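With compact mmCIF, N, CA and C atoms inside, this is run_39.txt:
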```
# COMPACT_ATOMS: atom_id res chain seq x y z
N MET Y 572 -116.62 49.77 8.40
CA MET Y 572 -115.49 50.11 9.24
C MET Y 572 -115.65 51.54 9.75
N SER Y 573 -115.22 51.73 10.96
CA SER Y 573 -115.28 53.04 11.59
C SER Y 573 -113.95 53.32 12.27
N THR Y 574 -113.39 54.51 12.04
CA THR Y 574 -112.13 54.90 12.67
C THR Y 574 -112.36 56.14 13.51
N THR Y 575 -111.88 56.10 14.75
CA THR Y 575 -112.03 57.22 15.67
C THR Y 575 -110.66 57.61 16.19
N GLU Y 576 -110.43 58.92 16.30
CA GLU Y 576 -109.14 59.45 16.75
C GLU Y 576 -109.26 59.99 18.17
N TYR Y 577 -108.20 59.76 18.95
CA TYR Y 577 -108.14 60.24 20.33
C TYR Y 577 -106.78 60.89 20.56
N GLN Y 578 -106.73 61.79 21.53
CA GLN Y 578 -105.48 62.40 21.96
C GLN Y 578 -105.17 61.83 23.35
N VAL Y 579 -104.01 61.20 23.48
CA VAL Y 579 -103.62 60.57 24.74
C VAL Y 579 -102.48 61.38 25.36
N THR Y 580 -102.57 61.64 26.65
CA THR Y 580 -101.51 62.37 27.34
C THR Y 580 -100.79 61.44 28.30
N GLY Y 581 -99.49 61.67 28.44
CA GLY Y 581 -98.68 60.92 29.39
C GLY Y 581 -97.80 59.85 28.79
N MET Y 582 -97.99 59.52 27.53
CA MET Y 582 -97.16 58.49 26.90
C MET Y 582 -95.80 59.09 26.54
N SER Y 583 -94.72 58.29 26.73
CA SER Y 583 -93.40 58.80 26.40
C SER Y 583 -92.51 57.79 25.68
N CYS Y 584 -93.00 56.55 25.50
CA CYS Y 584 -92.12 55.53 24.92
C CYS Y 584 -92.93 54.39 24.29
N GLY Y 585 -92.20 53.46 23.71
CA GLY Y 585 -92.84 52.30 23.09
C GLY Y 585 -93.59 51.44 24.08
N HIS Y 586 -93.10 51.36 25.32
CA HIS Y 586 -93.80 50.60 26.35
C HIS Y 586 -95.18 51.22 26.61
N CYS Y 587 -95.23 52.54 26.64
CA CYS Y 587 -96.50 53.25 26.82
C CYS Y 587 -97.47 52.91 25.70
N GLU Y 588 -96.96 52.94 24.48
CA GLU Y 588 -97.79 52.59 23.32
C GLU Y 588 -98.33 51.18 23.46
N GLY Y 589 -97.48 50.25 23.88
CA GLY Y 589 -97.89 48.86 24.03
C GLY Y 589 -98.95 48.69 25.10
N ALA Y 590 -98.83 49.41 26.20
CA ALA Y 590 -99.82 49.33 27.27
C ALA Y 590 -101.18 49.80 26.78
N VAL Y 591 -101.21 50.91 26.06
CA VAL Y 591 -102.47 51.42 25.50
C VAL Y 591 -103.02 50.44 24.48
N ARG Y 592 -102.16 49.96 23.59
CA ARG Y 592 -102.59 49.00 22.56
C ARG Y 592 -103.20 47.74 23.19
N ASP Y 593 -102.54 47.21 24.23
CA ASP Y 593 -103.03 46.00 24.89
C ASP Y 593 -104.42 46.19 25.48
N GLU Y 594 -104.64 47.31 26.13
CA GLU Y 594 -105.95 47.56 26.76
C GLU Y 594 -107.04 47.81 25.72
N VAL Y 595 -106.74 48.64 24.73
CA VAL Y 595 -107.75 48.98 23.72
C VAL Y 595 -108.09 47.76 22.86
N SER Y 596 -107.13 46.88 22.64
CA SER Y 596 -107.38 45.70 21.81
C SER Y 596 -108.40 44.75 22.44
N GLN Y 597 -108.67 44.90 23.72
CA GLN Y 597 -109.64 44.04 24.39
C GLN Y 597 -111.09 44.48 24.16
N ILE Y 598 -111.28 45.64 23.55
CA ILE Y 598 -112.64 46.13 23.27
C ILE Y 598 -113.20 45.32 22.11
N PRO Y 599 -114.38 44.73 22.29
CA PRO Y 599 -114.98 43.93 21.20
C PRO Y 599 -115.17 44.74 19.93
N GLY Y 600 -114.83 44.14 18.80
CA GLY Y 600 -115.03 44.77 17.50
C GLY Y 600 -113.85 45.55 16.98
N VAL Y 601 -112.86 45.84 17.84
CA VAL Y 601 -111.69 46.60 17.40
C VAL Y 601 -110.85 45.74 16.46
N THR Y 602 -110.54 46.28 15.28
CA THR Y 602 -109.80 45.53 14.27
C THR Y 602 -108.39 46.07 14.05
N ALA Y 603 -108.14 47.35 14.40
CA ALA Y 603 -106.82 47.94 14.21
C ALA Y 603 -106.63 49.08 15.20
N ILE Y 604 -105.37 49.21 15.65
CA ILE Y 604 -105.01 50.28 16.59
C ILE Y 604 -103.70 50.88 16.13
N ASP Y 605 -103.67 52.21 16.03
CA ASP Y 605 -102.44 52.90 15.72
C ASP Y 605 -102.22 53.91 16.83
N VAL Y 606 -101.12 53.77 17.55
CA VAL Y 606 -100.86 54.66 18.68
C VAL Y 606 -99.42 55.17 18.60
N SER Y 607 -99.23 56.45 18.89
CA SER Y 607 -97.91 57.07 18.81
C SER Y 607 -97.63 57.90 20.06
N ALA Y 608 -96.58 57.51 20.78
CA ALA Y 608 -96.17 58.30 21.95
C ALA Y 608 -95.65 59.67 21.52
N ALA Y 609 -95.03 59.73 20.35
CA ALA Y 609 -94.45 60.98 19.86
C ALA Y 609 -95.50 62.05 19.63
N THR Y 610 -96.65 61.66 19.08
CA THR Y 610 -97.71 62.62 18.78
C THR Y 610 -98.86 62.58 19.78
N GLY Y 611 -98.94 61.50 20.56
CA GLY Y 611 -100.04 61.34 21.50
C GLY Y 611 -101.33 60.91 20.82
N ARG Y 612 -101.25 60.52 19.57
CA ARG Y 612 -102.45 60.16 18.81
C ARG Y 612 -102.76 58.67 18.95
N LEU Y 613 -104.04 58.38 19.07
CA LEU Y 613 -104.54 57.01 19.10
C LEU Y 613 -105.66 56.92 18.08
N SER Y 614 -105.52 56.00 17.15
CA SER Y 614 -106.53 55.78 16.13
C SER Y 614 -107.07 54.37 16.33
N VAL Y 615 -108.39 54.26 16.49
CA VAL Y 615 -109.03 52.97 16.73
C VAL Y 615 -109.98 52.68 15.57
N THR Y 616 -109.75 51.56 14.90
CA THR Y 616 -110.62 51.12 13.81
C THR Y 616 -111.39 49.90 14.28
N ALA Y 617 -112.69 49.89 13.97
CA ALA Y 617 -113.54 48.79 14.41
C ALA Y 617 -114.60 48.48 13.36
N ASP Y 618 -115.23 47.32 13.52
CA ASP Y 618 -116.29 46.90 12.60
C ASP Y 618 -117.46 47.88 12.64
N GLN Y 619 -117.74 48.38 13.84
CA GLN Y 619 -118.83 49.33 14.07
C GLN Y 619 -118.28 50.47 14.90
N PRO Y 620 -119.00 51.59 14.99
CA PRO Y 620 -118.51 52.67 15.84
C PRO Y 620 -118.25 52.17 17.26
N VAL Y 621 -117.11 52.56 17.82
CA VAL Y 621 -116.72 52.13 19.16
C VAL Y 621 -117.24 53.13 20.18
N ASP Y 622 -117.68 52.61 21.31
CA ASP Y 622 -118.15 53.45 22.41
C ASP Y 622 -116.96 54.24 22.97
N ASP Y 623 -117.05 55.56 22.92
CA ASP Y 623 -115.95 56.40 23.42
C ASP Y 623 -115.62 56.07 24.87
N ALA Y 624 -116.64 55.82 25.68
CA ALA Y 624 -116.41 55.52 27.10
C ALA Y 624 -115.55 54.28 27.26
N ALA Y 625 -115.73 53.29 26.39
CA ALA Y 625 -114.93 52.06 26.47
C ALA Y 625 -113.47 52.34 26.15
N VAL Y 626 -113.23 53.16 25.14
CA VAL Y 626 -111.85 53.50 24.76
C VAL Y 626 -111.20 54.34 25.87
N LEU Y 627 -111.91 55.32 26.37
CA LEU Y 627 -111.36 56.17 27.42
C LEU Y 627 -111.06 55.35 28.68
N ALA Y 628 -111.93 54.40 29.01
CA ALA Y 628 -111.70 53.54 30.17
C ALA Y 628 -110.49 52.64 29.95
N ALA Y 629 -110.32 52.14 28.73
CA ALA Y 629 -109.18 51.27 28.42
C ALA Y 629 -107.88 52.06 28.54
N VAL Y 630 -107.86 53.28 28.04
CA VAL Y 630 -106.66 54.12 28.14
C VAL Y 630 -106.37 54.44 29.60
N ASP Y 631 -107.42 54.71 30.36
CA ASP Y 631 -107.26 54.98 31.79
C ASP Y 631 -106.68 53.76 32.51
N GLU Y 632 -107.16 52.58 32.14
CA GLU Y 632 -106.66 51.33 32.73
C GLU Y 632 -105.17 51.15 32.43
N ALA Y 633 -104.74 51.64 31.29
CA ALA Y 633 -103.32 51.55 30.91
C ALA Y 633 -102.49 52.59 31.66
N GLY Y 634 -103.16 53.54 32.33
CA GLY Y 634 -102.45 54.54 33.13
C GLY Y 634 -102.31 55.90 32.49
N TYR Y 635 -103.12 56.18 31.47
CA TYR Y 635 -103.02 57.45 30.74
C TYR Y 635 -104.39 58.09 30.63
N GLN Y 636 -104.40 59.32 30.15
CA GLN Y 636 -105.65 60.06 29.96
C GLN Y 636 -105.85 60.27 28.47
N ALA Y 637 -107.11 60.25 28.05
CA ALA Y 637 -107.40 60.46 26.62
C ALA Y 637 -108.66 61.30 26.46
N ALA Y 638 -108.76 61.92 25.30
CA ALA Y 638 -109.95 62.67 24.92
C ALA Y 638 -110.14 62.45 23.43
N ARG Y 639 -111.38 62.44 23.00
CA ARG Y 639 -111.65 62.28 21.57
C ARG Y 639 -111.08 63.49 20.84
N ALA Y 640 -110.38 63.23 19.75
CA ALA Y 640 -109.74 64.32 18.98
C ALA Y 640 -110.72 64.90 17.97
```

I'd like the structure from this file rewritten - as structure tokens, please.
Amino acid sequence: MSTTEYQVTGMSCGHCEGAVRDEVSQIPGVTAIDVSAATGRLSVTADQPVDDAAVLAAVDEAGYQAARA
């Protein structure tokens, strides 16, 4: 298992969290996602290390910006 942390900007509510969760969950191998609009933190757990570009693209698709924490 591998867990990677990201800082997401622009989230303000539960709907925002859900949008990010929905997009990131489509990345192959992802087994758990913890996202908080209050802190802007996104934690992605996967079977193997996840490609940062895939996570950043998924967050962008949800309408937000992210950077690896």

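Using only N, CA and C atoms, the contacts of Tyr635 (chain Y) at a cut-off of 7 Å, with sequence neighbours closer than 2 positions omitted, comprise Val579, Thr580, Gly581, Met582, Ala629, Val630, Asp631, Glu632, Ala633 and Ala637 of chain Y.
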
Fill in the blank from the handout: Shortest contact to Val601 (chain Y), candidates Y:Cys584, Y:Ala638, Y:Leu613, Y:Met572, atoms counted only C-alpha atoms, goes to Y:Met572

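The two atoms in question, CA of Ser573 (chain Y) and CA of Glu588 (chain Y), are spaced 21.1 Å apart.
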
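Take CA of Gln619 (chain Y) and atom C of Val591 (chain Y): the distance between them is 19.0 Å.
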
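Between atom N of Pro599 (chain Y) and atom N of Glu576 (chain Y) lies a distance of 15.9 Å.
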
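The protein and nucleic acid residues lying at most 7 Å from Ala617 (chain Y) are Met572, Ser573, Thr574, Thr575, Gly600, Val601, Thr602, Ala603, Pro620 and Val621 of chain Y, with all atoms listed in the file considered and sequence neighbours fewer than 3 positions away removed.
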
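Nearest-residue note for Asp623 (chain Y): choosing from Y:Gly611, Y:Arg639, Y:Ala590, Y:Gln597, the minimum distance belongs to Y:Arg639, counting only C-alpha atoms.
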